[in-house]
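S.K.: Contents of query.cif (mmCIF, C-alpha atoms and all ligand atoms):
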```cif
data_protein
loop_
_atom_site.label_atom_id
_atom_site.label_comp_id
_atom_site.auth_asym_id
_atom_site.auth_seq_id
_atom_site.Cartn_x
_atom_site.Cartn_y
_atom_site.Cartn_z
CA MET A 1 47.72 -25.71 -24.27
CA ARG A 2 48.37 -22.14 -23.33
CA THR A 3 50.40 -21.45 -20.18
CA ILE A 4 50.14 -18.10 -18.41
CA LEU A 5 52.15 -17.39 -15.27
CA VAL A 6 51.20 -14.57 -12.92
CA MET A 7 54.33 -13.49 -11.12
CA ASN A 8 55.98 -10.72 -9.14
CA ALA A 9 58.39 -11.16 -6.26
CA LYS A 10 56.52 -8.55 -4.24
CA GLY A 11 53.83 -9.82 -1.88
CA GLY A 12 50.29 -8.56 -2.17
CA SER A 13 50.63 -7.08 -5.66
CA GLY A 14 47.58 -8.92 -6.97
CA LYS A 15 49.00 -12.16 -8.38
CA SER A 16 46.22 -14.39 -7.05
CA THR A 17 43.59 -11.81 -7.99
CA LEU A 18 44.81 -11.71 -11.59
CA CYS A 19 45.26 -15.47 -11.71
CA THR A 20 41.70 -16.22 -10.60
CA ASN A 21 40.17 -13.50 -12.77
CA ILE A 22 42.02 -14.66 -15.88
CA ALA A 23 40.96 -18.24 -15.12
CA SER A 24 37.32 -17.29 -14.64
CA TYR A 25 37.33 -15.17 -17.81
CA PHE A 26 38.46 -18.04 -20.04
CA ALA A 27 36.16 -20.55 -18.32
CA SER A 28 33.08 -18.32 -18.45
CA GLU A 29 33.49 -16.27 -21.60
CA GLU A 30 35.28 -18.79 -23.82
CA GLN A 31 33.96 -22.04 -22.39
CA ALA A 32 37.59 -23.15 -22.21
CA LYS A 33 39.04 -25.93 -20.09
CA VAL A 34 40.98 -24.00 -17.47
CA PHE A 35 43.35 -25.35 -14.84
CA ILE A 36 45.09 -23.43 -12.04
CA GLU A 37 48.54 -24.52 -10.92
CA ASP A 38 49.05 -22.92 -7.52
CA TYR A 39 52.75 -22.63 -6.68
CA ASP A 40 52.10 -20.64 -3.52
CA GLN A 41 52.01 -22.41 -0.15
CA GLN A 42 49.43 -19.86 1.03
CA GLY A 43 47.12 -21.46 -1.51
CA SER A 44 44.99 -18.39 -2.21
CA SER A 45 43.96 -19.50 -5.69
CA SER A 46 43.26 -23.00 -4.43
CA ASP A 47 41.09 -21.58 -1.65
CA TRP A 48 39.23 -19.57 -4.26
CA LEU A 49 38.60 -22.77 -6.24
CA LYS A 50 37.26 -24.49 -3.12
CA VAL A 51 34.53 -21.88 -2.65
CA ARG A 52 33.68 -21.63 -6.35
CA PRO A 53 29.94 -22.25 -6.75
CA SER A 54 28.99 -25.30 -8.81
CA GLN A 55 26.67 -23.30 -11.12
CA PHE A 56 29.69 -21.53 -12.62
CA PRO A 57 31.89 -23.21 -15.25
CA GLU A 58 34.20 -25.72 -13.67
CA ILE A 59 37.85 -24.82 -13.11
CA ASN A 60 40.21 -27.44 -11.75
CA GLY A 61 43.48 -26.91 -10.01
CA ILE A 62 46.33 -28.34 -8.04
CA LEU A 63 48.70 -27.31 -5.28
CA SER A 64 51.76 -27.46 -7.50
CA TRP A 65 54.28 -26.79 -4.73
CA LYS A 66 53.16 -30.07 -3.16
CA THR A 67 53.24 -32.35 -6.15
CA SER A 68 55.01 -32.90 -9.43
CA LYS A 69 51.65 -33.51 -11.17
CA ARG A 70 50.68 -30.90 -13.71
CA ALA A 71 47.56 -29.87 -15.65
CA PRO A 72 45.96 -32.61 -17.78
CA LYS A 73 46.95 -32.65 -21.45
CA ASN A 74 43.51 -31.62 -22.73
CA THR A 75 43.61 -28.31 -20.84
CA ASP A 76 43.17 -25.14 -22.94
CA TYR A 77 44.56 -22.64 -20.44
CA VAL A 78 46.90 -23.29 -17.52
CA ILE A 79 47.06 -20.28 -15.24
CA MET A 80 49.93 -20.44 -12.77
CA ASP A 81 49.93 -18.49 -9.50
CA ALA A 82 53.46 -17.77 -8.26
CA PRO A 83 54.35 -17.11 -4.64
CA ALA A 84 55.85 -13.86 -3.37
CA GLY A 85 59.57 -13.71 -2.72
CA VAL A 86 60.50 -16.15 -5.45
CA GLN A 87 64.13 -15.68 -6.44
CA ASN A 88 66.71 -16.70 -8.96
CA ARG A 89 66.98 -20.50 -8.78
CA ASP A 90 63.33 -21.16 -7.91
CA MET A 91 62.25 -18.65 -10.52
CA GLY A 92 63.70 -20.82 -13.29
CA LYS A 93 61.71 -23.81 -12.07
CA ILE A 94 58.39 -22.00 -12.14
CA ILE A 95 59.03 -20.09 -15.36
CA ARG A 96 60.08 -23.25 -17.21
CA ARG A 97 56.59 -24.00 -18.55
CA ALA A 98 55.39 -20.43 -19.08
CA GLN A 99 54.73 -18.98 -22.52
CA THR A 100 53.46 -15.74 -21.06
CA ILE A 101 54.12 -13.93 -17.79
CA ILE A 102 51.73 -11.37 -16.36
CA MET A 103 53.21 -9.13 -13.74
CA PRO A 104 50.97 -6.97 -11.56
CA VAL A 105 52.56 -3.89 -10.01
CA LEU A 106 51.03 -1.63 -7.36
CA PRO A 107 51.36 2.14 -7.37
CA SER A 108 53.66 2.51 -4.38
CA PRO A 109 57.31 3.55 -4.18
CA MET A 110 58.29 0.25 -2.58
CA ASP A 111 56.46 -1.79 -5.17
CA ILE A 112 57.97 0.18 -8.04
CA ARG A 113 61.49 -0.30 -6.68
CA ALA A 114 60.87 -4.00 -6.08
CA ALA A 115 59.43 -4.38 -9.59
CA ALA A 116 62.54 -2.77 -11.09
CA ARG A 117 64.74 -5.32 -9.30
CA PHE A 118 62.49 -8.21 -10.23
CA ILE A 119 62.54 -7.20 -13.88
CA GLN A 120 66.35 -7.16 -13.86
CA ASP A 121 66.26 -10.69 -12.43
CA ILE A 122 63.84 -12.10 -14.96
CA LEU A 123 65.75 -10.52 -17.85
CA LEU A 124 68.67 -12.74 -16.86
CA ILE A 125 66.58 -15.76 -17.77
CA GLY A 126 67.51 -16.73 -21.32
CA ARG A 127 64.00 -17.49 -22.55
CA VAL A 128 62.78 -14.09 -21.39
CA SER A 129 65.62 -12.10 -22.92
CA GLN A 130 65.29 -14.08 -26.17
CA ASP A 131 61.58 -13.26 -26.31
CA GLN A 132 60.55 -16.90 -25.99
CA ILE A 133 58.49 -15.88 -23.00
CA LYS A 134 56.36 -12.77 -23.41
CA VAL A 135 55.93 -10.49 -20.43
CA GLY A 136 53.01 -8.13 -19.89
CA VAL A 137 52.77 -5.75 -16.93
CA VAL A 138 49.53 -4.59 -15.33
CA ALA A 139 49.17 -1.63 -12.99
CA ASN A 140 46.92 -2.89 -10.21
CA ARG A 141 44.81 -1.14 -7.53
CA VAL A 142 45.10 2.06 -9.45
CA LYS A 143 43.71 5.30 -8.11
CA GLU A 144 43.77 7.59 -11.12
CA HIS A 145 44.86 11.19 -10.83
CA THR A 146 47.25 10.39 -8.00
CA LEU A 147 50.86 11.38 -8.34
CA ILE A 148 52.11 7.90 -7.49
CA TYR A 149 49.97 6.36 -10.23
CA HIS A 150 51.51 8.74 -12.77
CA GLN A 151 54.96 7.74 -11.53
CA LEU A 152 54.04 4.07 -11.92
CA GLU A 153 52.67 4.69 -15.42
CA LYS A 154 55.89 6.41 -16.47
CA PHE A 155 57.94 3.56 -15.04
CA LEU A 156 55.87 0.89 -16.83
CA GLU A 157 55.90 2.76 -20.15
CA ARG A 158 59.70 2.87 -20.13
CA LEU A 159 60.07 -0.91 -19.73
CA ASN A 160 60.96 -3.26 -22.54
CA PHE A 161 57.87 -5.27 -21.66
CA SER A 162 54.33 -4.54 -22.81
CA PHE A 163 52.30 -2.37 -20.46
CA ILE A 164 48.99 -4.12 -21.07
CA GLY A 165 46.52 -2.48 -18.76
CA LYS A 166 45.46 -1.00 -15.49
CA LEU A 167 42.93 -2.23 -12.97
CA ARG A 168 41.39 0.14 -10.51
CA ASP A 169 41.25 -0.35 -6.78
CA SER A 170 37.80 -1.84 -6.48
CA GLN A 171 35.80 -3.76 -3.92
CA ALA A 172 34.53 -5.89 -6.81
CA TYR A 173 37.81 -7.86 -6.58
CA VAL A 174 37.36 -8.43 -2.87
CA ARG A 175 33.70 -9.42 -3.18
CA SER A 176 34.18 -11.72 -6.15
CA ALA A 177 37.19 -13.41 -4.54
CA GLU A 178 35.10 -14.18 -1.48
CA LYS A 179 32.55 -15.92 -3.67
CA GLY A 180 35.00 -17.92 -5.79
CA ILE A 181 34.14 -16.05 -8.97
CA GLY A 182 35.77 -13.40 -11.16
CA VAL A 183 34.60 -9.92 -12.12
CA HIS A 184 33.41 -11.28 -15.48
CA GLU A 185 30.98 -13.45 -13.54
CA MET A 186 29.54 -10.59 -11.47
CA PRO A 187 26.36 -8.75 -12.56
CA PRO A 188 27.79 -6.53 -15.37
CA SER A 189 26.02 -3.39 -14.14
CA THR A 190 28.03 -3.57 -10.88
CA VAL A 191 31.43 -3.98 -12.56
CA TYR A 192 31.20 -2.27 -15.94
CA GLU A 193 34.24 -0.07 -15.25
CA ASP A 194 36.27 -3.11 -14.27
CA LEU A 195 35.16 -5.06 -17.34
CA GLU A 196 36.21 -2.15 -19.54
CA GLN A 197 39.66 -2.15 -17.95
CA TRP A 198 40.02 -5.89 -18.45
CA GLU A 199 39.50 -5.56 -22.20
CA SER A 200 43.07 -4.50 -22.94
CA VAL A 201 44.53 -7.24 -20.75
CA ILE A 202 42.36 -9.89 -22.40
CA ASN A 203 43.02 -8.54 -25.90
CA TRP A 204 46.74 -8.74 -25.28
CA LEU A 205 46.42 -12.29 -23.93
CA LYS A 206 44.48 -13.33 -27.01
CA SER A 207 46.86 -11.65 -29.44
CA LYS A 208 50.01 -13.07 -30.99
CA ARG A 209 51.98 -10.41 -29.10
CA SER A 210 51.61 -12.41 -25.90
CA GLN A 211 52.68 -15.71 -27.42
CA PRO A 212 56.14 -16.91 -28.34
CA LYS A 213 56.75 -17.36 -32.07
N1 LIG B 1 42.41 -4.16 -7.99
C1 LIG B 1 42.16 -4.45 -6.70
N2 LIG B 1 41.25 -3.71 -5.99
C2 LIG B 1 41.00 -3.96 -4.69
N3 LIG B 1 41.60 -4.94 -4.00
C3 LIG B 1 42.52 -5.71 -4.64
C4 LIG B 1 42.84 -5.51 -6.00
N4 LIG B 1 43.79 -6.42 -6.35
C5 LIG B 1 44.04 -7.15 -5.25
N5 LIG B 1 43.29 -6.72 -4.22
C6 LIG B 1 43.28 -7.25 -2.84
O1 LIG B 1 44.61 -7.10 -2.34
C7 LIG B 1 44.97 -8.21 -1.55
C8 LIG B 1 46.22 -8.87 -2.15
O2 LIG B 1 45.89 -9.37 -3.42
P1 LIG B 1 46.40 -10.80 -3.90
O3 LIG B 1 46.18 -11.83 -2.84
O4 LIG B 1 45.82 -11.04 -5.23
O5 LIG B 1 47.97 -10.50 -4.02
P2 LIG B 1 49.16 -11.55 -4.21
O6 LIG B 1 50.19 -10.88 -5.00
O7 LIG B 1 48.63 -12.85 -4.70
O8 LIG B 1 49.62 -11.72 -2.68
P3 LIG B 1 50.70 -12.81 -2.16
O9 LIG B 1 52.04 -12.26 -2.54
O10 LIG B 1 50.46 -12.81 -0.68
O11 LIG B 1 50.40 -14.10 -2.83
C9 LIG B 1 43.76 -9.13 -1.53
O12 LIG B 1 43.01 -8.88 -0.37
C10 LIG B 1 42.97 -8.71 -2.77
O13 LIG B 1 41.58 -8.93 -2.62
MG MG B 2 48.88 -14.80 -4.00
#
```
Here is the file; what I need is its structure written in the form of structure tokens.

M.R.:
Amino acid sequence: MRTILVMNAKGGSGKSTLCTNIASYFASEEQAKVFIEDYDQQGSSSDWLKVRPSQFPEINGILSWKTSKRAPKNTDYVIMDAPAGVQNRDMGKIIRRAQTIIMPVLPSPMDIRAAARFIQDILLIGRVSQDQIKVGVVANRVKEHTLIYHQLEKFLERLNFSFIGKLRDSQAYVRSAEKGIGVHEMPPSTVYEDLEQWESVINWLKSKRSQPK
């Protein structure tokens, strides 16, 4: 069982978007048994599951903030959606089961500052600092050739964590979320640029670099 947590203290950075797209990738492209643990009371990932059409590979999930039940043992990938604003003590609880953390960061001064603080916080967690949990950061809603994106890129490159990819600001994420699917399940001709950008994120997730030794 592989456990991937999507987390950033900042609201609206794309946690649920990444969570649902990673889940749909593994379900659709790898025919894997995927389960979403939704730790956010807003329940965005759970809402996405509710509207998921039955002709797409099944993904199950649970509102994990409501129950102590967890993904069934035969699950291949557990994707965990963290809430915004999660801090020190609660962070430990959610991180406990994670092997890998994916952290989306938006190109905005406030998001960059918040990410810097959040990274300091998670580095205080023993399993992160000892490399028992691997952290990958993703620049999300990128508009290339903007000054703020270059600032974000510089910031992410300087981190001790892997900078694993960038996802452009694209209506494909809004449209697919509405339908309960991921970009990998959209007609490829409409999302080829997005699929290309996902390659580095997926390659990292499949590589040993994203898994604890
Ligand atoms: N790359 C993208 N391009 C366009 N829209 C995006 C992108 N990523 C996320 N969004 C949109 O931005 C909004 C916030 O994204 P999302 O809900 O994934 O963030 P979040 O971090 O889960 O938010 P919260 O902290 O409230 O849980 C959503 O409307 C989503 O559709
Ligand atoms: Mg969310």

S.K.: Please check which protein, DNA or RNA residues sit within 8 Å of ligand MG 2 (chain B), counting all atoms listed in the file, and write them as a ChimeraX atom specification.

M.R.: /A:11-12,14-17,40,42-45,81-84

S.K.: From the set A:Gly136, A:Gly85, A:Gly126, A:Pro212, which residue has the shortest atom-to-atom contact distance to ligand LIG 1 (chain B), counting all atoms listed in the file?

M.R.: A:Gly85

S.K.: Of the candidates A:Met7, A:Ala32, A:Val191, A:Ile79, which one gets nearest to ligand LIG 1 (chain B) if we count all atoms listed in the file?

M.R.: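 Once distances to ligand LIG 1 (chain B) are computed over all atoms listed in the file, the minimum belongs to A:Met7.
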
S.K.: Up to 7 Å from (53.9, -19.8, -19.4) in the file's coordinates: name the residues, counting all atoms listed in the file, as an NGL selection string.

M.R.: :A and (3-5 or 95 or 97-101)

S.K.: Compile the contact shell of Val174 (chain A) as a PyMOL selection string: residues with an atom at most 12 Å away, counting all atoms listed in the file, same-chain residues fewer than 4 positions apart removed.

M.R.: chain A and resi 14+16-18+20-21+48+141+169-170+178-183+186

S.K.: Can you write just those residues out, C-alpha atoms, as a PDB file, in the coordinates of the input?

M.R.:
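Listing of part.pdb after writing:
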```
ATOM      1  CA  GLY A  14      47.580  -8.920  -6.970  1.00  0.00           C
ATOM      2  CA  SER A  16      46.220 -14.390  -7.050  1.00  0.00           C
ATOM      3  CA  THR A  17      43.590 -11.810  -7.990  1.00  0.00           C
ATOM      4  CA  LEU A  18      44.810 -11.710 -11.590  1.00  0.00           C
ATOM      5  CA  THR A  20      41.700 -16.220 -10.600  1.00  0.00           C
ATOM      6  CA  ASN A  21      40.170 -13.500 -12.770  1.00  0.00           C
ATOM      7  CA  TRP A  48      39.230 -19.570  -4.260  1.00  0.00           C
ATOM      8  CA  ARG A 141      44.810  -1.140  -7.530  1.00  0.00           C
ATOM      9  CA  ASP A 169      41.250  -0.350  -6.780  1.00  0.00           C
ATOM     10  CA  SER A 170      37.800  -1.840  -6.480  1.00  0.00           C
ATOM     11  CA  GLU A 178      35.100 -14.180  -1.480  1.00  0.00           C
ATOM     12  CA  LYS A 179      32.550 -15.920  -3.670  1.00  0.00           C
ATOM     13  CA  GLY A 180      35.000 -17.920  -5.790  1.00  0.00           C
ATOM     14  CA  ILE A 181      34.140 -16.050  -8.970  1.00  0.00           C
ATOM     15  CA  GLY A 182      35.770 -13.400 -11.160  1.00  0.00           C
ATOM     16  CA  VAL A 183      34.600  -9.920 -12.120  1.00  0.00           C
ATOM     17  CA  MET A 186      29.540 -10.590 -11.470  1.00  0.00           C
TER      18      MET A 186
END
```

S.K.: List every protein, DNA or RNA residue that has an atom no more than 6 Å from (34.2, -8.3, -16.0) in the file's coordinate frame, counting only C-alpha atoms, and report them as a PyMOL selection string.

M.R.: chain A and resi 183-184+194-195

S.K.: With all atoms listed in the file as the atoms that count, which of A:Val128, A:Ile202, A:Leu159, A:Ala9 lies nearest to ligand LIG 1 (chain B)?

M.R.: A:Ala9

S.K.: So which residues touch Val138 (chain A) within 8 Å, counting all atoms listed in the file, skipping near sequence neighbours fewer than 2 positions away, as a tab-separated table (two decimals) with C-alpha atoms, keeping the file's coordinate frame?

M.R.:
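And here is the file that came out, part_18.tsv:
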```tsv
chain	number	residue	atom	x	y	z
A	102	ILE	CA	51.73	-11.37	-16.36
A	103	MET	CA	53.21	-9.13	-13.74
A	104	PRO	CA	50.97	-6.97	-11.56
A	105	VAL	CA	52.56	-3.89	-10.01
A	136	GLY	CA	53.01	-8.13	-19.89
A	140	ASN	CA	46.92	-2.89	-10.21
A	163	PHE	CA	52.30	-2.37	-20.46
A	164	ILE	CA	48.99	-4.12	-21.07
A	165	GLY	CA	46.52	-2.48	-18.76
A	166	LYS	CA	45.46	-1.00	-15.49
A	167	LEU	CA	42.93	-2.23	-12.97
A	201	VAL	CA	44.53	-7.24	-20.75
```

S.K.: Given all atoms listed in the file as the basis, pick out the residue of A:Gln130, A:Ser46, A:Thr75, A:Gln55 nearest to ligand LIG 1 (chain B).

M.R.: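 Residue with the minimum atom-to-atom distance to ligand LIG 1 (chain B): A:Ser46.
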
S.K.: Work out how far CA of Tyr173 (chain A) is from CA of Asp90 (chain A), in Å to one decimal.

M.R.: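 About the pair CA of Asp90 (chain A) and CA of Tyr173 (chain A): they are 28.8 Å apart.
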
S.K.: Could you give me the centre and size, in Å to one decimal, of an axis-aligned box around all listed atoms of region 24-31 of chain A with 8 Å added on every side, as JSON?

M.R.:
```
{"center_x": 35.8, "center_y": -18.6, "center_z": -19.2, "size_x": 21.4, "size_y": 22.9, "size_z": 25.2}
```
